[in-house]
Amino acid sequence: MALTLMYITNDPAVALIAEKNGVDRIWVDLETIGKEERQKNLNSVKSKHSLEDAAALSGVLTKSELMVRINPWFEGSAEEIEKVISAGAGRIMLPMWKSADEADRFLKAVNRRVHTTLLLETREAAECVDEVLKNPLLDEIHIGLNDLHLSYGLTFMFELLSNGTVEKLCKKMNTAGIKFGFGGISHLGDGLVPAEKIILEHYRLGSSVAILSRGFCNISKTKSIQEFEMIFEKNMKELREYESAAAGYSYGRLLENKADVAEMINEIVINIREKV
């Protein structure tokens, strides 16, 4: 089964290219509270999207689901949720939750009017996930490697793969029968840990959702929308073809890939620490 793929953009032209090429969710990012401070030393995406962007995209998308990430739970969350639903979101994502109570308040505020995703990216969330998985309103969980590795004080976000944290969480979600995903992937051959290695980890762990990272295809790195479309189409075709092959791999091959990934990650961590 092919991964459900998400792509972050507030540009209708870019969104339509992603939709045309089979991206399942277009992601508008409204999260601003606390993000700059948490990720100030990371080369991470800090979007400046708006409710107007969400409304504009909801008016042009015909197949891809519009997902909006709101702010972490705060006193204005219920009002923010109403605005996001009115703007046309088909799915709302809650970041940085730290308790089963916060997750429950969010799910009750949405009340199944649209789909929901809990973005698990804090140590506290990982520690209370057993309780959250019992919530009857729960749709999906996505493990956010960037902030979660910071929460654990780790050096490199993919350490969460090599140290067993992601695997432990995945086992819990598989047992509960909840759809889940983790992290992001670039185009094949790209990334400190190549995208194809990460894709095989998704297949081994039973994950079904992934973010297409900036490295997959970045509009700011292309000379024109036409060039962007050409690259995006090529990268999507290669990714889906690789997935089709990977679906037939034996579990033994997936375990060999797991060992390769762990070795790569350990070497990367050593190199990072030596430079500090």
# chains A, B, ... in the order shown; residues from 1 in each chain; ligands from 1

$ residues_around --residues "Glu52 (chain A)" --least-positions-apart "6" --cutoff "10 Å" --atoms "only C-alpha atoms" --output "list in words"
Asn10, Ser58, Val84 and Ala87 of chain A

$ write_last_selection --atoms "C-alpha atoms" --output "PDB file, in the first residue's frame"
ATOM      1  CA  ASN A  10       0.426  28.005   0.469  1.00  0.00           C
ATOM      2  CA  SER A  58      -9.725  24.912  -0.521  1.00  0.00           C
ATOM      3  CA  VAL A  84      -9.942  26.746  10.112  1.00  0.00           C
ATOM      4  CA  ALA A  87     -11.800  28.191   5.701  1.00  0.00           C
TER       5      ALA A  87
END

$ residues_around --residues "Glu267 (chain A)" --least-positions-apart "2" --cutoff "12 Å" --atoms "only C-alpha atoms" --output "ChimeraX atom specification"
/A:155-156,158-159,162,192-193,260-265,269-274

$ write_last_selection --atoms "all heavy atoms" --output "compact mmCIF listing (two decimals), in the first residue's frame"
# COMPACT_ATOMS: atom_id res chain seq x y z
N THR A 155 20.97 14.37 19.27
CA THR A 155 21.82 15.14 18.35
C THR A 155 21.22 15.24 16.95
O THR A 155 21.33 16.28 16.29
CB THR A 155 23.20 14.47 18.26
OG1 THR A 155 23.78 14.42 19.56
CG2 THR A 155 24.13 15.23 17.32
N PHE A 156 20.58 14.17 16.48
CA PHE A 156 20.12 14.05 15.10
C PHE A 156 18.73 13.43 15.11
O PHE A 156 18.49 12.46 15.84
CB PHE A 156 21.11 13.17 14.33
CG PHE A 156 20.77 12.91 12.89
CD1 PHE A 156 20.42 13.93 12.03
CD2 PHE A 156 20.84 11.61 12.39
CE1 PHE A 156 20.13 13.68 10.70
CE2 PHE A 156 20.56 11.35 11.05
CZ PHE A 156 20.20 12.39 10.21
N PHE A 158 17.01 11.50 13.28
CA PHE A 158 16.81 10.09 12.96
C PHE A 158 17.38 9.15 14.02
O PHE A 158 17.23 7.93 13.92
CB PHE A 158 17.37 9.76 11.58
CG PHE A 158 16.49 10.23 10.45
CD1 PHE A 158 17.00 11.05 9.46
CD2 PHE A 158 15.16 9.86 10.38
CE1 PHE A 158 16.19 11.50 8.41
CE2 PHE A 158 14.34 10.29 9.35
CZ PHE A 158 14.85 11.11 8.36
N GLU A 159 18.00 9.72 15.06
CA GLU A 159 18.38 8.88 16.21
C GLU A 159 17.15 8.20 16.81
O GLU A 159 17.26 7.12 17.41
CB GLU A 159 19.07 9.71 17.29
CG GLU A 159 20.52 9.99 17.06
CD GLU A 159 21.13 10.72 18.24
OE1 GLU A 159 21.09 11.96 18.26
OE2 GLU A 159 21.67 10.04 19.14
N SER A 162 17.04 4.87 15.21
CA SER A 162 18.09 3.91 15.59
C SER A 162 18.03 3.51 17.06
O SER A 162 18.49 2.42 17.42
CB SER A 162 19.47 4.47 15.25
OG SER A 162 19.75 5.66 15.96
N LEU A 192 20.83 12.88 4.28
CA LEU A 192 21.93 12.28 5.03
C LEU A 192 21.72 10.77 5.16
O LEU A 192 22.65 9.98 5.04
CB LEU A 192 22.04 12.93 6.41
CG LEU A 192 22.58 14.36 6.45
CD1 LEU A 192 22.47 14.93 7.86
CD2 LEU A 192 24.01 14.42 5.96
N VAL A 193 20.47 10.40 5.43
CA VAL A 193 20.05 9.00 5.30
C VAL A 193 19.18 8.98 4.05
O VAL A 193 18.11 9.59 4.04
CB VAL A 193 19.26 8.52 6.53
CG1 VAL A 193 18.86 7.06 6.36
CG2 VAL A 193 20.07 8.71 7.80
N ASP A 260 21.39 -1.23 8.27
CA ASP A 260 22.13 -0.23 7.49
C ASP A 260 21.81 1.19 7.97
O ASP A 260 22.70 2.03 8.10
CB ASP A 260 21.76 -0.34 6.00
CG ASP A 260 22.30 -1.60 5.35
OD1 ASP A 260 23.21 -2.23 5.94
OD2 ASP A 260 21.82 -1.96 4.26
N VAL A 261 20.52 1.44 8.21
CA VAL A 261 20.08 2.76 8.66
C VAL A 261 20.69 3.09 10.01
O VAL A 261 21.18 4.21 10.23
CB VAL A 261 18.53 2.82 8.72
CG1 VAL A 261 18.06 4.06 9.48
CG2 VAL A 261 17.94 2.80 7.31
N ALA A 262 20.68 2.15 10.93
CA ALA A 262 21.25 2.37 12.26
C ALA A 262 22.74 2.71 12.17
O ALA A 262 23.23 3.62 12.86
CB ALA A 262 21.04 1.14 13.14
N GLU A 263 23.47 2.00 11.29
CA GLU A 263 24.89 2.26 11.12
C GLU A 263 25.13 3.66 10.56
O GLU A 263 26.01 4.39 11.02
CB GLU A 263 25.51 1.21 10.19
CG GLU A 263 27.01 1.32 10.05
CD GLU A 263 27.60 0.21 9.21
OE1 GLU A 263 26.90 -0.80 8.97
OE2 GLU A 263 28.77 0.34 8.79
N MET A 264 24.32 4.04 9.56
CA MET A 264 24.43 5.38 8.97
C MET A 264 24.18 6.46 10.01
O MET A 264 24.92 7.45 10.11
CB MET A 264 23.42 5.55 7.83
CG MET A 264 23.75 4.80 6.57
SD MET A 264 22.47 5.11 5.32
CE MET A 264 23.09 4.10 3.98
N ILE A 265 23.12 6.28 10.79
CA ILE A 265 22.75 7.27 11.79
C ILE A 265 23.84 7.42 12.84
O ILE A 265 24.20 8.54 13.23
CB ILE A 265 21.40 6.90 12.44
CG1 ILE A 265 20.26 7.04 11.42
CG2 ILE A 265 21.13 7.76 13.68
CD1 ILE A 265 18.95 6.44 11.87
N VAL A 269 25.84 10.89 13.72
CA VAL A 269 25.86 11.45 15.07
C VAL A 269 27.29 11.69 15.53
O VAL A 269 27.61 12.75 16.10
CB VAL A 269 25.11 10.53 16.05
CG1 VAL A 269 25.34 10.98 17.50
CG2 VAL A 269 23.62 10.51 15.74
N ILE A 270 28.17 10.73 15.27
CA ILE A 270 29.58 10.88 15.65
C ILE A 270 30.19 12.08 14.94
O ILE A 270 30.90 12.90 15.56
CB ILE A 270 30.37 9.59 15.32
CG1 ILE A 270 29.95 8.46 16.26
CG2 ILE A 270 31.87 9.84 15.42
CD1 ILE A 270 30.48 7.10 15.87
N ASN A 271 29.91 12.23 13.65
CA ASN A 271 30.46 13.34 12.87
C ASN A 271 29.95 14.69 13.38
O ASN A 271 30.70 15.67 13.46
CB ASN A 271 30.12 13.18 11.40
CG ASN A 271 30.88 12.05 10.74
OD1 ASN A 271 31.97 11.69 11.19
ND2 ASN A 271 30.33 11.49 9.67
N ILE A 272 28.67 14.74 13.72
CA ILE A 272 28.08 15.98 14.23
C ILE A 272 28.74 16.38 15.56
O ILE A 272 29.10 17.54 15.77
CB ILE A 272 26.56 15.85 14.39
CG1 ILE A 272 25.88 15.73 13.03
CG2 ILE A 272 25.99 17.06 15.15
CD1 ILE A 272 24.38 15.41 13.10
N ARG A 273 28.88 15.40 16.43
CA ARG A 273 29.44 15.69 17.76
C ARG A 273 30.92 16.10 17.67
O ARG A 273 31.38 16.91 18.48
CB ARG A 273 29.28 14.47 18.64
CG ARG A 273 27.82 14.22 19.06
CD ARG A 273 27.65 12.95 19.86
NE ARG A 273 26.27 12.77 20.26
CZ ARG A 273 25.79 11.64 20.81
NH1 ARG A 273 26.62 10.61 21.04
NH2 ARG A 273 24.52 11.55 21.14
N GLU A 274 31.63 15.53 16.70
CA GLU A 274 33.04 15.89 16.55
C GLU A 274 33.22 17.34 16.08
O GLU A 274 34.25 17.97 16.34
CB GLU A 274 33.70 14.94 15.54
CG GLU A 274 33.97 13.56 16.12
CD GLU A 274 34.59 12.61 15.10
OE1 GLU A 274 34.59 12.96 13.89
OE2 GLU A 274 35.06 11.53 15.50

$ select_by_dssp --residues "region 25-98 of chain A" --states "strand (DSSP E or B)" --output "mmCIF file with N, CA, C and O atoms, in the first residue's frame"
data_model
loop_
_atom_site.group_PDB
_atom_site.id
_atom_site.type_symbol
_atom_site.label_atom_id
_atom_site.label_comp_id
_atom_site.auth_asym_id
_atom_site.auth_seq_id
_atom_site.Cartn_x
_atom_site.Cartn_y
_atom_site.Cartn_z
ATOM 1 N N ARG A 25 -2.181 15.029 0.469
ATOM 2 C CA ARG A 25 -2.574 16.136 1.342
ATOM 3 C C ARG A 25 -1.716 17.362 1.062
ATOM 4 O O ARG A 25 -0.498 17.263 0.996
ATOM 5 N N ILE A 26 -2.380 18.487 0.945
ATOM 6 C CA ILE A 26 -1.689 19.776 0.873
ATOM 7 C C ILE A 26 -1.794 20.408 2.249
ATOM 8 O O ILE A 26 -2.883 20.533 2.807
ATOM 9 N N TRP A 27 -0.664 20.865 2.759
ATOM 10 C CA TRP A 27 -0.539 21.243 4.164
ATOM 11 C C TRP A 27 -0.298 22.746 4.266
ATOM 12 O O TRP A 27 0.698 23.266 3.780
ATOM 13 N N VAL A 28 -1.243 23.439 4.904
ATOM 14 C CA VAL A 28 -1.076 24.849 5.245
ATOM 15 C C VAL A 28 -0.696 24.915 6.725
ATOM 16 O O VAL A 28 -1.327 24.277 7.568
ATOM 17 N N ASP A 29 0.328 25.691 7.032
ATOM 18 C CA ASP A 29 0.907 25.685 8.371
ATOM 19 C C ASP A 29 0.677 27.011 9.079
ATOM 20 O O ASP A 29 1.321 28.017 8.768
ATOM 21 N N GLU A 65 -6.515 16.335 -0.069
ATOM 22 C CA GLU A 65 -7.113 16.834 1.163
ATOM 23 C C GLU A 65 -6.340 18.052 1.645
ATOM 24 O O GLU A 65 -5.114 18.061 1.626
ATOM 25 N N LEU A 66 -7.053 19.088 2.065
ATOM 26 C CA LEU A 66 -6.416 20.269 2.642
ATOM 27 C C LEU A 66 -6.256 20.057 4.140
ATOM 28 O O LEU A 66 -7.235 19.927 4.875
ATOM 29 N N MET A 67 -4.998 20.013 4.604
ATOM 30 C CA MET A 67 -4.713 19.865 6.019
ATOM 31 C C MET A 67 -4.133 21.168 6.557
ATOM 32 O O MET A 67 -3.257 21.761 5.925
ATOM 33 N N VAL A 68 -4.606 21.600 7.708
ATOM 34 C CA VAL A 68 -4.111 22.824 8.338
ATOM 35 C C VAL A 68 -3.560 22.487 9.719
ATOM 36 O O VAL A 68 -4.259 21.905 10.548
ATOM 37 N N ARG A 69 -2.302 22.853 9.940
ATOM 38 C CA ARG A 69 -1.724 22.722 11.278
ATOM 39 C C ARG A 69 -2.004 24.002 12.037
ATOM 40 O O ARG A 69 -1.630 25.092 11.599
ATOM 41 N N ARG A 91 -8.809 18.485 7.158
ATOM 42 C CA ARG A 91 -8.093 17.829 8.254
ATOM 43 C C ARG A 91 -7.372 18.906 9.059
ATOM 44 O O ARG A 91 -6.838 19.853 8.489
ATOM 45 N N ILE A 92 -7.353 18.758 10.377
ATOM 46 C CA ILE A 92 -6.646 19.691 11.252
ATOM 47 C C ILE A 92 -5.615 18.924 12.055
ATOM 48 O O ILE A 92 -5.893 17.839 12.583
ATOM 49 N N MET A 93 -4.417 19.497 12.138
ATOM 50 C CA MET A 93 -3.327 18.881 12.895
ATOM 51 C C MET A 93 -3.016 19.708 14.138
ATOM 52 O O MET A 93 -2.853 20.924 14.053
ATOM 53 N N LEU A 94 -2.923 19.029 15.278
ATOM 54 C CA LEU A 94 -2.539 19.694 16.531
ATOM 55 C C LEU A 94 -1.094 19.365 16.860
ATOM 56 O O LEU A 94 -0.747 18.198 17.075
#

$ atom_distance --atom1 "CA of Asn135 (chain A)" --atom2 "CA of Met157 (chain A)"
27.9 Å

$ residues_around --residues "Lys20 (chain A)" --least-positions-apart "6" --cutoff "9 Å" --atoms "only C-alpha atoms" --output "list in words"
Lys63, Ser64 and Glu233 of chain A

$ residues_around --residues "region 195-202 of chain A" --least-positions-apart "4" --cutoff "7 Å" --atoms "only C-alpha atoms" --output "count of residues only"
15

$ closest_residue --among "A:Leu107, A:Ile33, A:Ala89, A:Val166" --to "Arg123 (chain A)" --atoms "only C-alpha atoms"
A:Val166

$ closest_residue --among "A:Thr62, A:Asn266, A:Ser99, A:Thr32" --to "Val132 (chain A)" --atoms "only C-alpha atoms"
A:Ser99

$ closest_residue --among "A:Cys217, A:Ile8, A:Val23, A:Leu16" --to "Arg240 (chain A)" --atoms "only C-alpha atoms"
A:Val23

$ closest_residue --among "A:Ser50, A:Asn71, A:Thr4, A:Ser86" --to "Gly184 (chain A)" --atoms "only C-alpha atoms"
A:Thr4

$ residues_around --residues "Ile143 (chain A)" --least-positions-apart "3" --cutoff "7 Å" --atoms "only C-alpha atoms" --output "number ranges by chain"
A: 119-121, 181-183

$ write_last_selection --atoms "N, CA and C atoms" --output "PDB file, in the first residue's frame"
ATOM      1  N   LEU A 119       0.018  15.538  16.183  1.00  0.00           N
ATOM      2  CA  LEU A 119       1.442  15.546  15.874  1.00  0.00           C
ATOM      3  C   LEU A 119       2.218  15.284  17.156  1.00  0.00           C
ATOM      4  N   LEU A 120       2.733  14.078  17.289  1.00  0.00           N
ATOM      5  CA  LEU A 120       3.430  13.662  18.505  1.00  0.00           C
ATOM      6  C   LEU A 120       4.887  14.114  18.395  1.00  0.00           C
ATOM      7  N   GLU A 121       5.230  15.155  19.153  1.00  0.00           N
ATOM      8  CA  GLU A 121       6.574  15.721  19.031  1.00  0.00           C
ATOM      9  C   GLU A 121       7.135  16.199  20.367  1.00  0.00           C
ATOM     10  N   GLY A 181       2.087   7.896  10.914  1.00  0.00           N
ATOM     11  CA  GLY A 181       3.247   8.115  10.066  1.00  0.00           C
ATOM     12  C   GLY A 181       4.347   8.748  10.886  1.00  0.00           C
ATOM     13  N   PHE A 182       5.485   8.992  10.228  1.00  0.00           N
ATOM     14  CA  PHE A 182       6.561   9.688  10.924  1.00  0.00           C
ATOM     15  C   PHE A 182       7.447  10.412   9.919  1.00  0.00           C
ATOM     16  N   GLY A 183       7.954  11.566  10.361  1.00  0.00           N
ATOM     17  CA  GLY A 183       9.000  12.279   9.641  1.00  0.00           C
ATOM     18  C   GLY A 183       8.709  12.612   8.198  1.00  0.00           C
TER      19      GLY A 183
END
